[in-house]
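Dumped my_file_39.txt below, it's compact mmCIF, C-alpha atoms and all ligand atoms:
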# COMPACT_ATOMS: atom_id res chain seq x y z
CA MET A 1331 -9.33 -9.38 -7.40
CA ARG A 1332 -9.30 -5.60 -8.00
CA ILE A 1333 -12.89 -5.47 -6.74
CA LEU A 1334 -11.85 -7.19 -3.53
CA ILE A 1335 -9.07 -4.71 -2.92
CA ALA A 1336 -11.35 -1.72 -3.56
CA THR A 1337 -13.94 -3.04 -1.12
CA PHE A 1338 -11.26 -3.74 1.46
CA VAL A 1339 -10.11 -0.11 1.28
CA ALA A 1340 -13.66 1.23 1.35
CA ALA A 1341 -14.35 -0.74 4.52
CA GLY A 1342 -11.61 1.23 6.22
CA LEU A 1343 -9.64 -1.88 6.99
CA MET A 1344 -6.67 -1.07 4.81
CA ALA A 1345 -4.44 1.94 4.74
CA PHE A 1346 -2.00 1.30 1.97
CA THR A 1347 1.06 3.44 2.07
CA ALA A 1348 2.76 1.64 -0.79
CA ALA A 1349 1.44 -0.25 -3.79
CA PRO A 1350 -1.83 -2.12 -3.12
CA ALA A 1351 -1.55 -5.76 -2.20
CA LEU A 1352 -1.44 -8.15 -5.11
CA ALA A 1353 -3.21 -11.47 -5.32
CA ALA A 1354 -0.93 -14.36 -4.48
CA ASP A 1355 -1.02 -17.72 -6.21
CA PRO A 1356 -3.80 -19.97 -4.90
CA VAL A 1357 -2.91 -22.34 -2.08
CA THR A 1358 -4.24 -25.86 -2.61
CA GLY A 1359 -3.90 -29.26 -0.96
CA LEU A 1360 -4.78 -28.28 2.60
CA VAL A 1361 -5.38 -31.38 4.74
CA LYS A 1362 -8.16 -31.22 7.29
CA ALA A 1363 -7.84 -32.61 10.79
CA ASP A 1364 -8.10 -36.41 10.78
CA PRO A 1365 -9.98 -37.42 12.78
CA GLN A 1366 -12.10 -34.28 13.04
CA PRO A 1367 -12.04 -33.02 16.65
CA ALA A 1368 -15.08 -34.02 18.70
CA ALA A 1369 -17.30 -31.05 19.48
CA GLU A 1370 -17.15 -31.75 23.23
CA SER A 1371 -13.34 -31.58 23.18
CA LEU A 1372 -13.23 -28.10 21.67
CA ASN A 1373 -12.93 -24.82 23.56
CA PRO A 1374 -13.41 -21.37 22.02
CA GLY A 1375 -10.48 -19.55 20.47
CA LEU A 1376 -6.89 -20.54 19.77
CA GLY A 1377 -4.40 -21.91 22.28
CA VAL A 1378 -1.21 -19.91 22.79
CA THR A 1379 2.20 -20.32 24.37
CA TYR A 1380 4.33 -17.21 24.91
CA TYR A 1381 8.12 -16.88 24.95
CA ALA A 1382 9.63 -13.73 26.46
CA GLY A 1383 12.69 -12.55 24.56
CA VAL A 1384 14.05 -10.42 21.76
CA PHE A 1385 13.17 -11.98 18.41
CA ASN A 1386 14.02 -10.75 14.92
CA SER A 1387 12.26 -13.46 12.91
CA THR A 1388 9.50 -16.03 13.38
CA ASP A 1389 12.09 -18.55 12.16
CA GLU A 1390 13.78 -18.23 15.57
CA ILE A 1391 10.72 -19.32 17.54
CA PRO A 1392 10.81 -23.14 17.07
CA GLY A 1393 14.49 -23.35 18.08
CA TRP A 1394 13.87 -21.11 21.08
CA ALA A 1395 10.90 -23.27 22.13
CA GLU A 1396 13.11 -26.37 22.17
CA TYR A 1397 15.06 -25.20 25.15
CA LYS A 1398 12.91 -22.51 26.81
CA LYS A 1399 9.76 -23.32 28.67
CA GLY A 1400 6.97 -21.14 27.39
CA LYS A 1401 4.04 -19.74 29.33
CA LYS A 1402 0.48 -20.68 28.41
CA GLY A 1403 -1.72 -17.65 27.84
CA GLU A 1404 -5.46 -17.11 27.87
CA PRO A 1405 -6.98 -18.34 24.59
CA ILE A 1406 -7.05 -15.88 21.70
CA LEU A 1407 -10.70 -15.63 20.64
CA MET A 1408 -10.12 -13.72 17.40
CA LEU A 1409 -7.10 -12.36 15.56
CA ASP A 1410 -8.25 -8.74 15.57
CA TYR A 1411 -5.48 -7.12 17.61
CA ASN A 1412 -4.41 -3.63 16.52
CA VAL A 1413 -3.29 -2.29 19.87
CA GLY A 1414 -0.62 0.35 19.28
CA ASP A 1415 1.89 0.03 22.11
CA GLY A 1416 -0.56 -1.87 24.36
CA GLU A 1417 -0.59 -5.51 25.49
CA VAL A 1418 0.55 -8.03 22.89
CA LEU A 1419 -2.34 -10.50 22.42
CA THR A 1420 -3.02 -12.16 25.80
CA SER A 1421 0.64 -12.18 26.84
CA GLY A 1422 0.60 -9.61 29.64
CA ARG A 1423 3.62 -8.03 27.91
CA VAL A 1424 3.87 -5.00 25.63
CA ASP A 1425 7.15 -5.88 23.87
CA GLU A 1426 9.77 -8.59 23.37
CA VAL A 1427 7.52 -11.61 23.15
CA ALA A 1428 6.84 -14.44 20.71
CA ALA A 1429 3.63 -16.45 20.43
CA ASP A 1430 3.09 -20.01 19.23
CA ILE A 1431 -0.64 -20.07 18.42
CA ARG A 1432 -2.38 -23.38 17.69
CA GLY A 1433 -5.83 -24.75 17.24
CA PHE A 1434 -8.34 -25.30 14.45
CA ILE A 1435 -10.08 -23.13 11.88
CA ARG A 1436 -13.40 -24.21 10.39
CA PHE A 1437 -14.17 -23.79 6.72
CA ASP A 1438 -17.93 -24.34 6.39
CA THR A 1439 -18.15 -24.73 2.64
CA ALA A 1440 -15.99 -25.93 -0.20
CA GLY A 1441 -14.65 -23.21 -2.47
CA THR A 1442 -12.07 -20.44 -2.54
CA TYR A 1443 -11.55 -18.40 0.61
CA VAL A 1444 -9.46 -15.25 0.13
CA MET A 1445 -7.30 -14.65 3.20
CA ALA A 1446 -5.04 -11.78 4.29
CA MET A 1447 -3.25 -10.54 7.39
CA GLN A 1448 -2.03 -7.25 8.74
CA SER A 1449 0.98 -7.75 10.97
CA ASN A 1450 3.65 -6.03 13.08
CA ASP A 1451 6.02 -7.69 13.64
CA GLY A 1452 6.54 -11.10 12.01
CA VAL A 1453 3.92 -13.73 11.15
CA ASP A 1454 4.11 -17.22 9.69
CA LEU A 1455 0.69 -18.84 9.18
CA THR A 1456 0.18 -22.50 8.29
CA ILE A 1457 -3.26 -24.07 7.80
CA GLY A 1458 -3.84 -27.73 7.02
CA GLY A 1459 -0.10 -28.23 6.61
CA LYS A 1460 0.25 -25.54 3.92
CA SER A 1461 1.99 -22.17 4.24
CA ILE A 1462 -0.63 -19.44 3.78
CA ILE A 1463 1.05 -16.16 4.81
CA LYS A 1464 4.70 -15.47 5.68
CA ASP A 1465 6.08 -12.06 6.63
CA THR A 1466 8.65 -13.28 9.07
CA GLU A 1467 10.82 -10.31 10.11
CA VAL A 1468 10.50 -7.00 12.00
CA HIS A 1469 8.22 -4.50 10.28
CA ALA A 1470 5.71 -1.70 10.85
CA ASP A 1471 2.02 -2.47 10.25
CA ARG A 1472 1.58 -3.88 6.78
CA PHE A 1473 -0.79 -6.12 4.85
CA SER A 1474 -0.03 -9.39 3.21
CA GLU A 1475 -1.08 -10.26 -0.28
CA LEU A 1476 -4.65 -11.46 -0.79
CA VAL A 1477 -4.21 -15.22 -0.75
CA PRO A 1478 -6.81 -17.49 -2.43
CA VAL A 1479 -7.12 -20.67 -0.37
CA GLU A 1480 -8.91 -23.55 -2.10
CA ILE A 1481 -10.94 -25.76 0.23
CA THR A 1482 -12.30 -28.98 -1.24
CA GLU A 1483 -13.73 -30.48 1.97
CA PRO A 1484 -15.52 -28.42 4.65
CA GLY A 1485 -14.45 -29.02 8.23
CA TRP A 1486 -11.87 -28.22 10.90
CA TYR A 1487 -8.30 -27.67 9.71
CA PRO A 1488 -5.17 -27.48 11.91
CA PHE A 1489 -4.19 -23.82 12.42
CA HIS A 1490 -0.68 -22.75 13.41
CA LEU A 1491 0.50 -19.13 13.63
CA LEU A 1492 3.96 -18.09 14.76
CA TYR A 1493 4.17 -14.43 15.72
CA PHE A 1494 6.49 -12.09 17.56
CA GLU A 1495 6.52 -8.47 18.64
CA LYS A 1496 9.91 -6.85 19.09
CA ARG A 1497 9.08 -3.36 20.28
CA VAL A 1498 6.76 -0.34 20.15
CA THR A 1499 3.52 -1.14 18.25
CA SER A 1500 1.99 -4.55 17.57
CA THR A 1501 -0.73 -5.76 15.20
CA VAL A 1502 -2.12 -9.23 14.42
CA GLU A 1503 -5.20 -9.27 12.19
CA LEU A 1504 -6.55 -12.13 10.09
CA PHE A 1505 -9.19 -11.49 7.43
CA TRP A 1506 -11.08 -13.69 5.04
CA ASN A 1507 -13.70 -13.55 2.35
CA PRO A 1508 -15.55 -16.91 2.24
CA PRO A 1509 -16.80 -18.22 -1.11
CA GLY A 1510 -20.06 -16.64 -2.27
CA ASP A 1511 -19.85 -13.92 0.39
CA GLY A 1512 -19.59 -10.91 -1.93
CA GLY A 1513 -16.47 -8.79 -2.09
CA THR A 1514 -15.73 -7.84 1.49
CA MET A 1515 -12.84 -8.95 3.65
CA ASP A 1516 -13.87 -9.37 7.27
CA PHE A 1517 -12.11 -10.55 10.40
CA VAL A 1518 -12.27 -14.34 10.65
CA PRO A 1519 -15.09 -14.65 13.24
CA ALA A 1520 -14.67 -16.21 16.66
CA GLU A 1521 -16.92 -19.17 15.80
CA ALA A 1522 -14.42 -20.27 13.12
CA PHE A 1523 -11.71 -20.90 15.76
CA ALA A 1524 -11.38 -23.62 18.39
CA HIS A 1525 -8.70 -25.48 20.29
CA ILE A 1526 -8.27 -28.48 22.53
CA PRO A 1527 -6.92 -27.19 25.87
CA CA B 1601 6.51 -3.77 16.58
Output the structure of this file as structure tokens.
Amino acid sequence: MRILIATFVAAGLMAFTAAPALAADPVTGLVKADPQPAAESLNPGLGVTYYAGVFNSTDEIPGWAEYKKGKKGEPILMLDYNVGDGEVLTSGRVDEVAADIRGFIRFDTAGTYVMAMQSNDGVDLTIGGKSIIKDTEVHADRFSELVPVEITEPGWYPFHLLYFEKRVTSTVELFWNPPGDGGTMDFVPAEAFAHIP
């Protein structure tokens, strides 16, 4: 795992200000979508619903969504947003917004995918019914641990990311290193995401 971290830094993707990220325990038991979504039903990117408001934790989003009507946004094609004080994802807002992001992520091969996020503010990522990355509260840009995710069956898996931006800068980045792909962490590419509108 040290090699992975070194390559990550060399690629200019990470700017550690504290101790380097540690490897988390492997996540196993992800359940793929059943049935698998039909290709003709899938659109590019992830679906998103936005909630305008002041949030302090992703844990507040589900309760908020129960009694506030959200606003559908344009699909999020990739999670590669590092926008300073600019627009938060596709929300049309620069602050005080939460996002409920849903769709599918495709793992093409069985094996261990290493995943990581950089976030600002909170994120709570679930894939195939398993918690992958949680950094739920207000924070400046920071990286998650490097999380090994064990995939036993290739295919589309349900993807659910809760996110909010309170104020000033916002960042939502999702990286992976697929099995057998050398030591580099790259953004999860657009072709690995889809949603049913
Ligand atoms: Ca912020």
TODO: Name the residues, by chain letter and number, that sit within 8 Å of ligand CA 1601 (chain B) using all atoms listed in the file, and give them as a PyMOL selection string.
DONE: chain A and resi 1425+1450-1451+1468-1471+1495-1501
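The environment of A:Glu1426 within 9 Å, counting only C-alpha atoms and disregarding residues fewer than 2 places along the same chain, consists of Tyr1381, Ala1382, Gly1383, Val1384, Phe1385, Arg1423, Val1424, Ala1428, Phe1494, Glu1495, Lys1496 and Arg1497 of chain A.
Distances from A:Gly1375, A:Gly1452, A:Gly1433, A:Gly1393 to A:Thr1420 were compared using all atoms listed in the file, and the smallest one belongs to A:Gly1375.
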Within 8 Å of stretch 1514-1524 of chain A, which residues of stretch 1398-1446 of chain A come that close, and what is the closest atom pair and distance in Å for each? Count only C-alpha atoms and give it as CSV.
residue,atom,partner,partner_atom,distance
A:Leu1407,CA,A:Ala1520,CA,5.7
A:Met1408,CA,A:Ala1520,CA,5.2
A:Leu1409,CA,A:Val1518,CA,7.4
A:Asp1410,CA,A:Phe1517,CA,6.7
A:Gly1433,CA,A:Ala1524,CA,5.8
A:Phe1434,CA,A:Ala1524,CA,5.3
A:Ile1435,CA,A:Phe1523,CA,4.8
A:Arg1436,CA,A:Ala1522,CA,4.9
A:Phe1437,CA,A:Ala1522,CA,7.3
A:Val1444,CA,A:Met1515,CA,8.0
A:Met1445,CA,A:Met1515,CA,8.0
Task: Atom pair atom CA of A:Ile1462 / atom CA of A:Val1413: separation (Å) - done: 23.7 Å
Task: Interatomic distance, atom CA of A:Arg1432 to atom CA of A:Leu1476 (Å, one decimal) - done: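 Atom-to-atom, atom CA of A:Arg1432 to atom CA of A:Leu1476, that is 22.1 Å.
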- [ ] Write out as a VMD selection string the residues lying within 12 Å of A:Ile1391, counting all atoms listed in the file and excluding same-chain residues fewer than 4 positions away.
- [x] chain A and resid 1379 to 1387 1395 to 1400 1427 to 1431 1452 to 1454 1466 to 1467 1491 to 1495
Task: Proximity to A:Thr1456 - best of A:His1490, A:Lys1401, A:Lys1362, A:Arg1472, only C-alpha atoms - done: A:His1490
